[in-house]
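Pasting input.cif here (mmCIF, C-alpha atoms):
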```cif
data_protein
#
loop_
_atom_site.label_atom_id
_atom_site.label_comp_id
_atom_site.auth_asym_id
_atom_site.auth_seq_id
_atom_site.Cartn_x
_atom_site.Cartn_y
_atom_site.Cartn_z
CA MET A 1 94.39 35.15 175.05
CA GLU A 2 90.98 35.60 173.45
CA PHE A 3 90.38 38.29 170.85
CA SER A 4 87.13 39.98 169.92
CA PHE A 5 85.62 39.61 166.48
CA GLU A 6 86.32 43.30 165.81
CA ILE A 7 90.03 42.88 166.57
CA LEU A 8 90.30 39.86 164.28
CA ILE A 9 88.57 41.74 161.43
CA LEU A 10 90.92 44.69 161.97
CA LEU A 11 93.97 42.41 161.81
CA PHE A 12 92.65 40.82 158.62
CA PHE A 13 92.40 44.18 156.85
CA VAL A 14 95.74 45.34 158.26
CA ALA A 15 97.27 42.18 156.76
CA ILE A 16 95.80 43.08 153.35
CA ILE A 17 97.55 46.46 153.42
CA ALA A 18 100.79 44.92 154.73
CA GLY A 19 100.69 42.19 152.08
CA TRP A 20 100.33 44.83 149.37
CA VAL A 21 103.28 46.82 150.76
CA ASP A 22 105.40 43.69 151.17
CA ALA A 23 104.75 42.52 147.61
CA ILE A 24 105.87 45.84 146.16
CA ALA A 25 108.57 47.05 148.52
CA GLY A 26 108.86 44.91 151.66
CA GLY A 27 108.51 46.47 155.09
CA GLY A 28 104.95 45.34 155.84
CA GLY A 29 106.05 44.61 159.39
CA LEU A 30 106.10 48.37 159.97
CA ILE A 31 102.32 48.12 159.81
CA THR A 32 101.56 44.74 161.34
CA ILE A 33 103.92 44.61 164.35
CA PRO A 34 102.62 47.80 166.04
CA VAL A 35 99.01 46.73 165.45
CA LEU A 36 99.68 43.25 166.88
CA ILE A 37 101.22 44.83 169.99
CA LEU A 38 98.24 47.18 170.34
CA ALA A 39 95.98 44.12 170.05
CA GLY A 40 97.60 42.78 173.22
CA LEU A 41 100.46 40.57 172.06
CA SER A 42 103.86 40.84 173.71
CA PRO A 43 106.66 42.18 171.46
CA THR A 44 108.12 38.68 171.14
CA ALA A 45 104.76 37.15 170.22
CA ALA A 46 104.10 40.00 167.78
CA LEU A 47 107.42 39.34 166.03
CA ALA A 48 106.78 35.60 165.84
CA THR A 49 103.20 35.96 164.57
CA ASN A 50 104.26 38.65 162.11
CA LYS A 51 106.95 36.36 160.67
CA LEU A 52 104.33 33.65 160.11
CA GLN A 53 101.80 35.82 158.29
CA GLY A 54 104.45 37.88 156.48
CA SER A 55 106.17 34.78 155.11
CA ALA A 56 102.83 33.58 153.75
CA GLY A 57 102.40 36.88 151.92
CA THR A 58 105.88 36.70 150.40
CA LEU A 59 105.20 33.10 149.33
CA THR A 60 101.93 34.16 147.69
CA ALA A 61 103.65 36.89 145.68
CA SER A 62 106.47 34.48 144.75
CA LEU A 63 104.04 31.86 143.45
CA TYR A 64 102.19 34.51 141.46
CA PHE A 65 105.40 35.62 139.74
CA ILE A 66 106.39 31.99 139.06
CA LYS A 67 102.96 31.33 137.55
CA LYS A 68 103.30 34.40 135.31
CA LYS A 69 106.80 33.20 134.28
CA THR A 70 108.35 36.45 135.50
CA VAL A 71 110.79 34.35 137.52
CA ASN A 72 112.94 31.50 136.22
CA LEU A 73 113.61 29.23 139.21
CA LYS A 74 116.26 27.23 137.36
CA GLU A 75 118.22 30.39 136.66
CA ILE A 76 118.26 31.50 140.29
CA LYS A 77 118.53 28.04 141.90
CA LEU A 78 122.07 28.71 143.13
CA ALA A 79 121.01 32.15 144.38
CA ILE A 80 118.20 30.55 146.41
CA ILE A 81 120.60 28.09 148.08
CA ALA A 82 123.20 30.77 148.80
CA THR A 83 120.57 33.12 150.27
CA PHE A 84 119.26 30.42 152.59
CA ILE A 85 122.75 29.56 153.84
CA GLY A 86 123.53 33.24 154.44
CA SER A 87 120.29 33.67 156.37
CA VAL A 88 121.02 30.70 158.63
CA ILE A 89 124.48 32.08 159.40
CA GLY A 90 123.07 35.54 160.05
CA SER A 91 120.47 34.18 162.47
CA TRP A 92 123.23 32.36 164.35
CA VAL A 93 125.62 35.33 164.43
CA VAL A 94 123.00 37.75 165.76
CA LEU A 95 122.84 35.66 168.93
CA LYS A 96 126.59 36.06 169.42
CA ILE A 97 127.34 39.75 168.81
CA ASP A 98 125.83 43.21 169.32
CA ALA A 99 124.02 44.65 166.29
CA GLN A 100 124.10 48.23 167.63
CA THR A 101 126.59 49.45 164.99
CA LEU A 102 124.29 48.31 162.21
CA ILE A 103 121.35 50.06 163.88
CA VAL A 104 123.31 53.34 163.76
CA LEU A 105 124.23 52.94 160.07
CA LEU A 106 120.96 51.51 158.77
CA PRO A 107 118.92 54.76 158.59
CA ILE A 108 121.64 56.29 156.39
CA LEU A 109 121.60 53.25 154.11
CA LEU A 110 117.80 53.22 153.88
CA ILE A 111 117.51 56.93 153.12
CA SER A 112 120.22 56.63 150.47
CA MET A 113 118.45 53.66 148.93
CA GLY A 114 115.10 55.49 148.91
CA LEU A 115 116.64 58.47 147.11
CA TYR A 116 118.37 56.14 144.64
CA PHE A 117 115.08 54.43 143.81
CA LEU A 118 113.41 57.80 143.24
CA PHE A 119 116.06 59.53 141.14
CA SER A 120 118.44 57.03 139.56
CA PRO A 121 118.11 56.75 135.75
CA HIS A 122 119.14 53.09 136.05
CA ILE A 123 115.89 52.24 137.88
CA SER A 124 113.52 51.61 134.99
CA ASP A 125 111.24 49.07 133.35
CA GLU A 126 113.93 48.02 130.86
CA ASP A 127 116.60 45.35 131.29
CA ARG A 128 120.24 46.43 130.95
CA LYS A 129 123.58 44.64 130.69
CA GLY A 130 124.54 43.31 134.11
CA LYS A 131 127.85 43.74 135.89
CA LEU A 132 127.90 40.11 137.11
CA THR A 133 126.81 36.77 135.74
CA VAL A 134 123.97 35.01 137.56
CA VAL A 135 126.47 32.53 139.04
CA PHE A 136 128.77 35.22 140.46
CA PHE A 137 125.73 37.13 141.73
CA ALA A 138 124.62 34.01 143.58
CA LEU A 139 128.06 33.34 145.05
CA LEU A 140 128.96 36.93 145.99
CA ALA A 141 125.79 38.90 146.66
CA CYS A 142 123.19 36.37 147.79
CA PRO A 143 125.01 35.05 150.89
CA LEU A 144 125.41 38.67 152.07
CA LEU A 145 121.74 39.47 151.41
CA GLY A 146 120.62 36.32 153.23
CA PHE A 147 123.01 37.06 156.09
CA TYR A 148 121.61 40.57 156.48
CA ASP A 149 118.03 39.28 156.63
CA GLY A 150 118.91 36.66 159.23
CA PHE A 151 121.05 39.09 161.20
CA PHE A 152 118.83 42.18 161.17
CA GLY A 153 116.20 42.33 158.42
CA PRO A 154 114.66 45.80 157.82
CA GLY A 155 114.67 46.72 154.14
CA THR A 156 115.81 43.29 152.94
CA GLY A 157 113.33 43.15 150.05
CA SER A 158 114.41 46.56 148.77
CA PHE A 159 118.12 45.71 149.15
CA MET A 160 117.56 42.51 147.17
CA ALA A 161 115.66 44.28 144.38
CA LEU A 162 118.37 46.94 144.18
CA ALA A 163 121.05 44.24 143.92
CA PHE A 164 119.24 42.64 140.98
CA VAL A 165 119.00 46.04 139.25
CA ILE A 166 122.60 47.17 139.81
CA LEU A 167 124.47 43.87 139.53
CA LEU A 168 122.37 41.90 137.02
CA GLY A 169 120.83 44.80 135.09
CA TYR A 170 117.27 43.59 135.67
CA SER A 171 114.33 45.90 135.06
CA LEU A 172 112.68 47.07 138.28
CA PRO A 173 109.57 44.84 137.91
CA ASN A 174 111.76 41.80 137.11
CA ALA A 175 114.12 42.62 140.00
CA THR A 176 111.22 43.02 142.42
CA ALA A 177 109.70 39.71 141.33
CA ASN A 178 112.98 37.81 141.75
CA SER A 179 113.68 39.50 145.09
CA LYS A 180 110.42 38.07 146.46
CA ILE A 181 111.72 34.54 145.88
CA LEU A 182 114.98 35.25 147.72
CA ASN A 183 113.18 37.17 150.46
CA PHE A 184 110.86 34.24 151.10
CA VAL A 185 113.82 31.86 151.23
CA SER A 186 115.69 34.08 153.69
CA ASN A 187 112.58 34.24 155.86
CA ILE A 188 112.33 30.47 156.16
CA SER A 189 115.13 30.05 158.71
CA SER A 190 113.68 32.79 160.93
CA LEU A 191 110.18 31.36 160.56
CA LEU A 192 111.36 27.88 161.57
CA TYR A 193 113.04 29.37 164.63
CA PHE A 194 109.87 31.20 165.67
CA VAL A 195 107.68 28.14 165.08
CA LEU A 196 109.98 25.96 167.19
CA TYR A 197 110.88 28.41 169.95
CA GLY A 198 108.72 31.51 169.53
CA ASP A 199 105.32 32.46 170.87
CA VAL A 200 103.27 32.23 167.66
CA TYR A 201 99.56 33.02 167.92
CA TRP A 202 98.28 30.61 165.31
CA SER A 203 94.64 31.73 165.34
CA ILE A 204 95.65 35.32 164.55
CA GLY A 205 98.35 34.15 162.13
CA VAL A 206 95.90 32.09 160.06
CA ILE A 207 93.41 34.99 159.81
CA MET A 208 96.17 37.39 158.79
CA ILE A 209 97.48 34.91 156.22
CA GLY A 210 94.12 35.29 154.46
CA GLY A 211 94.61 39.05 154.36
CA GLN A 212 98.23 38.68 153.23
CA PHE A 213 97.09 36.47 150.35
CA ILE A 214 94.72 39.16 149.06
CA GLY A 215 97.19 42.02 149.53
CA ALA A 216 100.11 40.11 148.00
CA ILE A 217 98.10 39.20 144.88
CA ILE A 218 97.00 42.82 144.41
CA GLY A 219 100.56 44.06 144.88
CA ALA A 220 102.08 41.46 142.56
CA LYS A 221 99.58 42.32 139.81
CA MET A 222 100.36 46.02 140.17
CA ILE A 223 104.09 45.31 139.81
CA LEU A 224 103.58 43.62 136.45
CA GLU A 225 100.97 46.11 135.22
CA LYS A 226 102.37 49.44 136.50
CA GLY A 227 106.09 48.67 136.88
CA SER A 228 108.34 51.39 138.23
CA LEU A 229 105.46 53.87 138.27
CA VAL A 230 104.14 52.21 141.44
CA ILE A 231 107.31 50.50 142.73
CA LYS A 232 109.51 53.61 142.99
CA PRO A 233 107.30 55.75 145.27
CA VAL A 234 106.29 52.80 147.46
CA VAL A 235 109.88 51.60 147.96
CA ALA A 236 111.09 55.13 148.69
CA SER A 237 108.25 55.73 151.17
CA VAL A 238 108.95 52.45 152.98
CA CYS A 239 112.69 53.23 153.17
CA PHE A 240 112.04 56.67 154.65
CA LEU A 241 109.46 55.31 157.13
CA MET A 242 111.79 52.53 158.26
CA SER A 243 114.56 55.09 158.78
CA ALA A 244 112.28 57.29 160.88
CA ASN A 245 111.07 54.29 162.86
CA ILE A 246 114.64 53.15 163.68
CA LEU A 247 115.76 56.67 164.59
CA LEU A 248 112.79 57.19 166.91
CA LYS A 249 113.30 53.85 168.65
CA THR A 250 117.04 54.42 169.01
CA TYR A 251 117.28 58.06 170.03
CA TRP A 252 113.85 59.18 171.27
#
```
Whole structure given in C-alpha coordinates:
Amino acid sequence: MEFSFEILILLFFVAIIAGWVDAIAGGGGLITIPVLILAGLSPTAALATNKLQGSAGTLTASLYFIKKKTVNLKEIKLAIIATFIGSVIGSWVVLKIDAQTLIVLLPILLISMGLYFLFSPHISDEDRKGKLTVVFFALLACPLLGFYDGFFGPGTGSFMALAFVILLGYSLPNATANSKILNFVSNISSLLYFVLYGDVYWSIGVIMIGGQFIGAIIGAKMILEKGSLVIKPVVASVCFLMSANILLKTYW
(Lines of atoms letter the chains of each structure in order from A and count residues from 1; the text may use other names and numbers.)
(Lines give C-alpha, C1' and ligand atoms only; values in the text may rest on other atoms or scores of the structure.)
Protein backbone atom coordinates (compact mmCIF):
# COMPACT_ATOMS: atom_id res chain seq x y z
CA MET A 1 0.00 0.00 0.00
CA GLU A 2 1.06 3.58 -0.69
CA PHE A 3 0.14 6.38 1.69
CA SER A 4 -0.22 10.08 0.94
CA PHE A 5 2.06 12.64 2.53
CA GLU A 6 -0.90 14.00 4.51
CA ILE A 7 -1.64 10.57 6.02
CA LEU A 8 1.98 10.08 7.03
CA ILE A 9 2.10 13.52 8.69
CA LEU A 10 -1.15 12.74 10.53
CA LEU A 11 0.27 9.43 11.79
CA PHE A 12 3.43 11.21 12.96
CA PHE A 13 1.46 13.66 15.11
CA VAL A 14 -0.86 10.92 16.35
CA ALA A 15 2.25 9.03 17.49
CA ILE A 16 3.42 12.09 19.44
CA ILE A 17 0.15 12.16 21.39
CA ALA A 18 0.19 8.38 21.89
CA GLY A 19 3.82 8.47 23.04
CA TRP A 20 2.94 11.11 25.62
CA VAL A 21 -0.01 9.05 26.89
CA ASP A 22 2.05 5.84 26.95
CA ALA A 23 4.89 7.44 28.91
CA ILE A 24 2.53 8.67 31.61
CA ALA A 25 -0.17 6.02 31.78
CA GLY A 26 0.09 3.46 28.98
CA GLY A 27 -2.83 2.87 26.64
CA GLY A 28 -1.52 4.81 23.64
CA GLY A 29 -2.83 2.05 21.41
CA LEU A 30 -6.33 3.38 22.09
CA ILE A 31 -5.29 6.30 19.89
CA THR A 32 -3.00 4.74 17.31
CA ILE A 33 -4.80 1.48 16.42
CA PRO A 34 -8.09 3.12 15.29
CA VAL A 35 -6.16 5.74 13.29
CA LEU A 36 -4.03 3.06 11.61
CA ILE A 37 -7.17 1.15 10.63
CA LEU A 38 -8.76 4.34 9.28
CA ALA A 39 -5.56 4.91 7.28
CA GLY A 40 -6.26 1.64 5.47
CA LEU A 41 -4.39 -1.04 7.41
CA SER A 42 -6.09 -4.31 8.26
CA PRO A 43 -6.70 -4.90 11.99
CA THR A 44 -3.85 -7.42 12.09
CA ALA A 45 -1.44 -5.05 10.35
CA ALA A 46 -2.56 -2.20 12.62
CA LEU A 47 -1.81 -4.30 15.71
CA ALA A 48 1.60 -5.33 14.40
CA THR A 49 2.62 -1.81 13.33
CA ASN A 50 1.30 -0.37 16.59
CA LYS A 51 3.41 -2.82 18.61
CA LEU A 52 6.52 -1.70 16.70
CA GLN A 53 6.05 2.03 17.20
CA GLY A 54 4.63 1.68 20.72
CA SER A 55 7.60 -0.40 21.87
CA ALA A 56 9.94 2.30 20.58
CA GLY A 57 8.09 4.89 22.65
CA THR A 58 8.29 2.78 25.80
CA LEU A 59 12.01 2.22 25.17
CA THR A 60 12.54 5.97 24.77
CA ALA A 61 10.84 6.72 28.09
CA SER A 62 12.79 3.89 29.76
CA LEU A 63 16.13 5.22 28.55
CA TYR A 64 15.20 8.72 29.70
CA PHE A 65 14.44 7.46 33.22
CA ILE A 66 17.67 5.42 33.28
CA LYS A 67 19.64 8.49 32.20
CA LYS A 68 18.04 10.56 34.96
CA LYS A 69 18.87 7.77 37.47
CA THR A 70 15.20 7.43 38.40
CA VAL A 71 15.53 3.71 37.73
CA ASN A 72 18.17 1.37 39.16
CA LEU A 73 18.53 -1.48 36.65
CA LYS A 74 20.60 -3.59 39.04
CA GLU A 75 17.85 -3.43 41.63
CA ILE A 76 15.14 -4.61 39.24
CA LYS A 77 17.27 -7.05 37.21
CA LEU A 78 15.40 -10.07 38.57
CA ALA A 79 12.07 -8.31 37.99
CA ILE A 80 13.01 -7.73 34.34
CA ILE A 81 13.84 -11.42 33.80
CA ALA A 82 10.68 -12.60 35.57
CA THR A 83 8.49 -10.19 33.57
CA PHE A 84 9.94 -11.38 30.27
CA ILE A 85 9.38 -15.04 31.16
CA GLY A 86 5.80 -14.32 32.23
CA SER A 87 5.14 -12.47 28.98
CA VAL A 88 6.44 -15.35 26.85
CA ILE A 89 4.21 -17.79 28.73
CA GLY A 90 1.22 -15.48 28.40
CA SER A 91 1.73 -15.12 24.65
CA TRP A 92 1.82 -18.92 24.34
CA VAL A 93 -1.22 -19.53 26.55
CA VAL A 94 -3.41 -17.02 24.69
CA LEU A 95 -3.12 -19.23 21.62
CA LYS A 96 -4.45 -22.21 23.59
CA ILE A 97 -7.44 -20.92 25.54
CA ASP A 98 -10.34 -18.46 25.26
CA ALA A 99 -9.76 -15.06 26.88
CA GLN A 100 -13.47 -14.17 26.96
CA THR A 101 -13.73 -14.39 30.77
CA LEU A 102 -10.96 -11.85 31.17
CA ILE A 103 -12.68 -9.54 28.67
CA VAL A 104 -15.80 -9.59 30.87
CA LEU A 105 -13.88 -8.83 34.07
CA LEU A 106 -11.37 -6.32 32.70
CA PRO A 107 -13.66 -3.22 32.57
CA ILE A 108 -14.45 -3.70 36.27
CA LEU A 109 -10.74 -3.96 37.08
CA LEU A 110 -9.85 -0.90 34.99
CA ILE A 111 -12.60 1.27 36.46
CA SER A 112 -11.60 0.22 39.98
CA MET A 113 -7.97 1.00 39.24
CA GLY A 114 -8.85 4.42 37.79
CA LEU A 115 -10.84 5.32 40.91
CA TYR A 116 -8.00 4.07 43.12
CA PHE A 117 -5.49 6.27 41.30
CA LEU A 118 -7.76 9.29 41.72
CA PHE A 119 -8.75 8.92 45.36
CA SER A 120 -6.32 6.68 47.24
CA PRO A 121 -4.18 8.53 49.83
CA HIS A 122 -1.41 5.99 49.17
CA ILE A 123 -0.92 7.34 45.62
CA SER A 124 1.48 10.22 46.20
CA ASP A 125 4.89 11.63 45.36
CA GLU A 126 6.45 10.18 48.53
CA ASP A 127 8.00 6.75 49.02
CA ARG A 128 6.52 4.53 51.75
CA LYS A 129 7.51 1.27 53.40
CA GLY A 130 6.80 -1.60 51.02
CA LYS A 131 4.92 -4.80 51.76
CA LEU A 132 7.42 -6.96 49.83
CA THR A 133 11.14 -6.95 49.25
CA VAL A 134 12.34 -6.31 45.70
CA VAL A 135 13.24 -10.01 45.35
CA PHE A 136 9.81 -11.27 46.42
CA PHE A 137 8.17 -8.64 44.21
CA ALA A 138 10.16 -9.96 41.26
CA LEU A 139 9.33 -13.60 42.00
CA LEU A 140 5.64 -13.16 42.87
CA ALA A 141 4.26 -10.13 41.05
CA CYS A 142 6.40 -9.71 37.93
CA PRO A 143 5.66 -13.10 36.30
CA LEU A 144 1.93 -12.36 36.68
CA LEU A 145 2.29 -8.85 35.24
CA GLY A 146 4.32 -10.16 32.30
CA PHE A 147 1.84 -12.99 31.78
CA TYR A 148 -1.06 -10.55 31.67
CA ASP A 149 0.67 -8.38 29.06
CA GLY A 150 1.48 -11.37 26.87
CA PHE A 151 -1.96 -12.87 27.36
CA PHE A 152 -4.15 -9.79 26.95
CA GLY A 153 -2.43 -6.43 27.50
CA PRO A 154 -4.80 -3.45 28.04
CA GLY A 155 -3.81 -1.41 31.08
CA THR A 156 -0.53 -3.25 31.67
CA GLY A 157 1.48 -0.08 32.33
CA SER A 158 -1.03 1.14 34.92
CA PHE A 159 -1.22 -2.30 36.58
CA MET A 160 2.57 -2.36 36.83
CA ALA A 161 2.78 1.14 38.31
CA LEU A 162 0.07 0.27 40.83
CA ALA A 163 1.97 -2.88 41.83
CA PHE A 164 5.11 -0.83 42.51
CA VAL A 165 3.09 1.60 44.65
CA ILE A 166 1.15 -0.97 46.69
CA LEU A 167 3.73 -3.74 47.05
CA LEU A 168 7.03 -1.83 47.14
CA GLY A 169 5.80 1.50 48.51
CA TYR A 170 7.25 3.50 45.61
CA SER A 171 6.16 7.07 45.00
CA LEU A 172 3.93 7.42 41.93
CA PRO A 173 6.64 9.04 39.72
CA ASN A 174 9.17 6.37 40.75
CA ALA A 175 6.61 3.59 40.22
CA THR A 176 5.68 4.94 36.78
CA ALA A 177 9.34 5.17 35.75
CA ASN A 178 10.10 1.60 36.83
CA SER A 179 6.91 0.29 35.22
CA LYS A 180 8.12 1.60 31.85
CA ILE A 181 11.15 -0.69 32.04
CA LEU A 182 9.02 -3.75 32.80
CA ASN A 183 6.41 -2.74 30.22
CA PHE A 184 9.06 -2.50 27.52
CA VAL A 185 10.44 -5.90 28.49
CA SER A 186 6.99 -7.50 28.39
CA ASN A 187 6.42 -5.98 24.96
CA ILE A 188 9.55 -7.56 23.50
CA SER A 189 8.12 -11.07 23.12
CA SER A 190 5.00 -9.74 21.38
CA LEU A 191 7.09 -7.47 19.17
CA LEU A 192 9.34 -10.35 18.11
CA TYR A 193 6.25 -12.39 17.23
CA PHE A 194 4.82 -9.58 15.09
CA VAL A 195 8.15 -8.95 13.37
CA LEU A 196 8.54 -12.64 12.51
CA TYR A 197 4.94 -13.51 11.67
CA GLY A 198 2.93 -10.29 11.60
CA ASP A 199 2.15 -7.82 8.85
CA VAL A 200 4.30 -4.88 9.98
CA TYR A 201 4.23 -1.75 7.82
CA TRP A 202 7.80 -0.64 8.32
CA SER A 203 7.54 2.68 6.47
CA ILE A 204 4.67 3.81 8.69
CA GLY A 205 6.30 2.28 11.78
CA VAL A 206 9.54 4.23 11.29
CA ILE A 207 7.68 7.54 10.84
CA MET A 208 5.57 6.89 13.93
CA ILE A 209 8.67 5.94 15.93
CA GLY A 210 9.86 9.52 15.37
CA GLY A 211 6.60 10.82 16.82
CA GLN A 212 6.75 8.34 19.70
CA PHE A 213 10.25 9.56 20.56
CA ILE A 214 9.05 13.16 20.90
CA GLY A 215 5.89 12.26 22.83
CA ALA A 216 7.68 9.85 25.17
CA ILE A 217 10.36 12.42 26.06
CA ILE A 218 7.71 15.06 26.80
CA GLY A 219 5.71 12.61 28.91
CA ALA A 220 8.76 11.33 30.81
CA LYS A 221 9.85 14.89 31.64
CA MET A 222 6.35 15.73 32.90
CA ILE A 223 6.40 12.67 35.18
CA LEU A 224 9.57 13.84 36.92
CA GLU A 225 8.54 17.52 37.01
CA LYS A 226 4.81 17.30 37.84
CA GLY A 227 4.55 13.89 39.54
CA SER A 228 1.13 12.71 40.63
CA LEU A 229 -0.44 16.02 39.61
CA VAL A 230 -0.28 14.90 35.97
CA ILE A 231 -0.08 11.10 36.39
CA LYS A 232 -3.29 10.62 38.39
CA PRO A 233 -5.78 12.26 35.97
CA VAL A 234 -4.11 10.78 32.88
CA VAL A 235 -4.04 7.23 34.29
CA ALA A 236 -7.65 7.49 35.47
CA SER A 237 -8.79 8.85 32.10
CA VAL A 238 -7.01 6.08 30.21
CA CYS A 239 -8.50 3.41 32.50
CA PHE A 240 -12.03 4.75 31.99
CA LEU A 241 -11.55 5.06 28.21
CA MET A 242 -10.18 1.52 27.94
CA SER A 243 -13.17 0.24 29.93
CA ALA A 244 -15.60 2.03 27.63
CA ASN A 245 -13.76 0.78 24.56
CA ILE A 246 -13.89 -2.87 25.73
CA LEU A 247 -17.56 -2.63 26.72
CA LEU A 248 -18.53 -1.11 23.37
CA LYS A 249 -16.62 -3.75 21.39
CA THR A 250 -18.02 -6.59 23.50
CA TYR A 251 -21.67 -5.64 23.93
CA TRP A 252 -22.54 -3.04 21.29
Mind listing whatever residues come within 8 Å of the point (119.6, 33.0, 141.0)? Use only C-alpha atoms, file coordinates, and give them as a VMD selection string. chain A and resid 73 to 80 134 to 135 137 to 138
Could you tell me, as JSON, numbers by chain, exactly which residues end up selected when the PyMOL selection byres ((chain A and resi 182) around 12) is applied to this structure? {"A": [55, 58, 59, 61, 62, 71, 73, 76, 77, 78, 79, 80, 81, 82, 83, 84, 85, 86, 87, 138, 141, 142, 143, 144, 145, 146, 147, 149, 156, 157, 158, 159, 160, 161, 163, 164, 175, 176, 177, 178, 179, 180, 181, 183, 184, 185, 186, 187, 188]}
I would like the residues chosen by the PyMOL selection byres ((chain A and resi 165) around 9) on the shown file; could you give them as an NGL selection string? :A and (122-124 or 127-128 or 130 or 160-164 or 166-172 or 174-176)
When you draw a straight line from atom CA of Ala220 of chain A to atom CA of Ile24 of chain A, how long is it in Å? 6.8 Å
Distance of atom CA of Val88 of chain A from atom CA of Ser189 of chain A, expressed in Å to one decimal place: 5.9 Å
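For Gly29 of chain A, the non-local neighbours within 10 Å, defined as residues at least 6 positions apart in the same chain or in other chains and counting all atoms listed in the file, are A:Ala15, A:Ala18, A:Gly19, A:Val21, A:Asp22, A:Val35, A:Leu36, A:Ala46, A:Leu47, A:Asn50, A:Lys51, A:Gln53, A:Gly54, A:Pro154, A:Met242.
Here the PyMOL selection byres ((chain A and resi 2) around 10) captures the residues Met1, Phe3, Ser4, Phe5, Gly40 and Ser203 of chain A.
For the residues A:Val14, A:Ile111, A:Pro173, A:Phe119, ranking by smallest atom-to-atom distance to Lys221 of chain A using only C-alpha atoms places A:Pro173 first.
Using only C-alpha atoms for every distance, the candidate list A:Ile246, A:Leu10, A:Ile209, A:Ala23 yields A:Ala23 as the residue closest to Ile231 of chain A.
Between Tyr251 of chain A and the candidates A:Cys239, A:Ile207, A:Val200, A:Val104, the tightest atom-to-atom separation, counting only C-alpha atoms, involves A:Val104.
One distance worth recording is that between atom CA of Ala45 of chain A and atom CA of Ala25 of chain A, which is 24.2 Å.
Considering only C-alpha atoms, the residue among A:Leu192, A:Glu225, A:Val235, A:Leu247 positioned nearest to Ser112 of chain A is A:Val235.
Of the listed residues (A:Gly28, A:Ser228, A:Thr44, A:Met113), A:Thr44 comes nearest to Tyr197 of chain A; the distances count only C-alpha atoms.
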Nearest residue to Val93 of chain A from the set A:Ile7, A:Ala216, A:Gly150, A:Ile204 (distances using all atoms listed in the file): A:Gly150
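With all atoms listed in the file taken into account, the protein and nucleic acid residues at most 8 Å from Phe213 of chain A (excluding it and anything under 6 positions from it in its own chain) are Ile16, Gly19, Ala56, Gly57 and Thr60 of chain A.
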